[in-house]
Amino acid sequence: YAPAYRAGYAGASQVDDDDHSFDDIEEDLRTSYETRSDARLDWDQVRDAARDSYERTIQLRQERLRGEKERVSSGEATIRKEVVSEQQT
């Protein structure tokens with residue numbers, strides 16, 4: 001399944017924005033996969049692996065780090081982590 005995962009990752013890396021779904025670029029990913037010399041399985045067999053790789057890559061690109069600094073007295077520190085999860089439909 002490695003060639004399919006590579007095709008999904010490469011496809012996600014090449015889109016200009018995160019508004020493209022897997023279905024929007026599936027034909028391009030399929031062509032990319034099928035022209036690889038190491039692709040041994042049919043697209044229908046590896047489609048889910050390519051989708052998984054594509055969607056994980058898009059999700060990672062959407063994460064953003066917001067760092068803020070504030071002066072505190074020596075010995076004081078407050079550490080907080082806020083995780084916001086959204087489902088894209």
# chains A, B, ... in the order shown; residues from 1 in each chain; ligands from 1

call {"tool": "residues_around", "arguments": {"residues": "Gln45 of chain A", "least_positions_apart": "4", "cutoff": "12 Å", "atoms": "only C-alpha atoms", "output": "PDB file with C-alpha atoms, in the first residue's frame"}}
result
ATOM      1  CA  TYR A   1       0.000   0.000   0.000  1.00  0.00           C
ATOM      2  CA  PRO A   3       2.652   3.682  -3.331  1.00  0.00           C
ATOM      3  CA  ALA A   4      -0.988   4.591  -2.596  1.00  0.00           C
ATOM      4  CA  ARG A  30      -5.392   7.661  -9.549  1.00  0.00           C
ATOM      5  CA  TYR A  33      -0.678   6.060  -8.654  1.00  0.00           C
ATOM      6  CA  GLU A  34      -1.185   4.023 -11.821  1.00  0.00           C
ATOM      7  CA  ALA A  39       2.180   0.137  -8.085  1.00  0.00           C
ATOM      8  CA  ARG A  40       1.204  -3.529  -8.027  1.00  0.00           C
ATOM      9  CA  LEU A  41      -2.431  -3.369  -6.911  1.00  0.00           C
ATOM     10  CA  ALA A  49      -5.284   3.945   1.670  1.00  0.00           C
ATOM     11  CA  ALA A  50      -4.772   6.914  -0.657  1.00  0.00           C
ATOM     12  CA  ARG A  51      -7.822   8.669   0.830  1.00  0.00           C
TER      13      ARG A  51
END

call {"tool": "atom_distance", "arguments": {"atom1": "atom CA of Val84 of chain A", "atom2": "atom CA of Arg6 of chain A"}}
result
28.1 Å

call {"tool": "select_by_dssp", "arguments": {"residues": "chain A", "states": "helix (DSSP H, G or I)", "output": "PDB file with C-alpha atoms, in the first residue's frame"}}
result
ATOM      1  CA  ALA A   2       3.013   2.311   0.230  1.00  0.00           C
ATOM      2  CA  PRO A   3       2.652   3.682  -3.331  1.00  0.00           C
ATOM      3  CA  ALA A   4      -0.988   4.591  -2.596  1.00  0.00           C
ATOM      4  CA  TYR A   5      -0.038   6.364   0.628  1.00  0.00           C
ATOM      5  CA  ARG A   6       2.680   8.262  -1.254  1.00  0.00           C
ATOM      6  CA  ALA A   7       0.194   9.285  -3.955  1.00  0.00           C
ATOM      7  CA  GLY A   8      -2.274  10.558  -1.330  1.00  0.00           C
ATOM      8  CA  TYR A   9       0.426  12.499   0.498  1.00  0.00           C
ATOM      9  CA  ALA A  10       1.826  13.983  -2.704  1.00  0.00           C
ATOM     10  CA  GLY A  11      -1.649  15.004  -3.860  1.00  0.00           C
ATOM     11  CA  ALA A  12      -2.387  16.763  -0.568  1.00  0.00           C
ATOM     12  CA  SER A  13       0.982  18.501  -0.677  1.00  0.00           C
ATOM     13  CA  GLN A  14       0.324  19.876  -4.163  1.00  0.00           C
ATOM     14  CA  PHE A  22     -10.304  13.676  -1.967  1.00  0.00           C
ATOM     15  CA  ASP A  23     -13.188  13.226  -4.400  1.00  0.00           C
ATOM     16  CA  ASP A  24     -12.240  16.483  -6.162  1.00  0.00           C
ATOM     17  CA  ILE A  25      -8.763  15.260  -7.053  1.00  0.00           C
ATOM     18  CA  GLU A  26      -9.237  11.501  -7.064  1.00  0.00           C
ATOM     19  CA  GLU A  27      -8.716  11.163 -10.830  1.00  0.00           C
ATOM     20  CA  ASP A  28      -5.367  12.979 -10.576  1.00  0.00           C
ATOM     21  CA  LEU A  29      -4.324  10.773  -7.666  1.00  0.00           C
ATOM     22  CA  ARG A  30      -5.392   7.661  -9.549  1.00  0.00           C
ATOM     23  CA  THR A  31      -3.338   8.664 -12.588  1.00  0.00           C
ATOM     24  CA  SER A  32      -0.355   9.433 -10.375  1.00  0.00           C
ATOM     25  CA  TYR A  33      -0.678   6.060  -8.654  1.00  0.00           C
ATOM     26  CA  GLU A  34      -1.185   4.023 -11.821  1.00  0.00           C
ATOM     27  CA  TRP A  43      -6.658   1.510  -7.737  1.00  0.00           C
ATOM     28  CA  ASP A  44      -9.902   0.076  -6.356  1.00  0.00           C
ATOM     29  CA  GLN A  45      -7.856  -2.033  -3.926  1.00  0.00           C
ATOM     30  CA  VAL A  46      -5.775   0.901  -2.630  1.00  0.00           C
ATOM     31  CA  ARG A  47      -8.232   3.791  -2.935  1.00  0.00           C
ATOM     32  CA  ASP A  48      -8.999   3.837   0.809  1.00  0.00           C
ATOM     33  CA  ALA A  49      -5.284   3.945   1.670  1.00  0.00           C
ATOM     34  CA  ALA A  50      -4.772   6.914  -0.657  1.00  0.00           C
ATOM     35  CA  ARG A  51      -7.822   8.669   0.830  1.00  0.00           C
ATOM     36  CA  ASP A  52      -6.535   8.089   4.364  1.00  0.00           C
ATOM     37  CA  SER A  53      -3.125   9.538   3.526  1.00  0.00           C
ATOM     38  CA  TYR A  54      -4.644  12.522   1.695  1.00  0.00           C
ATOM     39  CA  GLU A  55      -7.062  13.386   4.493  1.00  0.00           C
ATOM     40  CA  ARG A  56      -4.446  13.031   7.255  1.00  0.00           C
ATOM     41  CA  THR A  57      -2.112  15.366   5.379  1.00  0.00           C
ATOM     42  CA  ILE A  58      -4.815  17.993   4.825  1.00  0.00           C
ATOM     43  CA  GLN A  59      -5.772  17.798   8.522  1.00  0.00           C
ATOM     44  CA  LEU A  60      -2.165  18.369   9.608  1.00  0.00           C
ATOM     45  CA  ARG A  61      -1.859  21.384   7.348  1.00  0.00           C
ATOM     46  CA  GLN A  62      -4.883  22.954   9.015  1.00  0.00           C
TER      47      GLN A  62
END
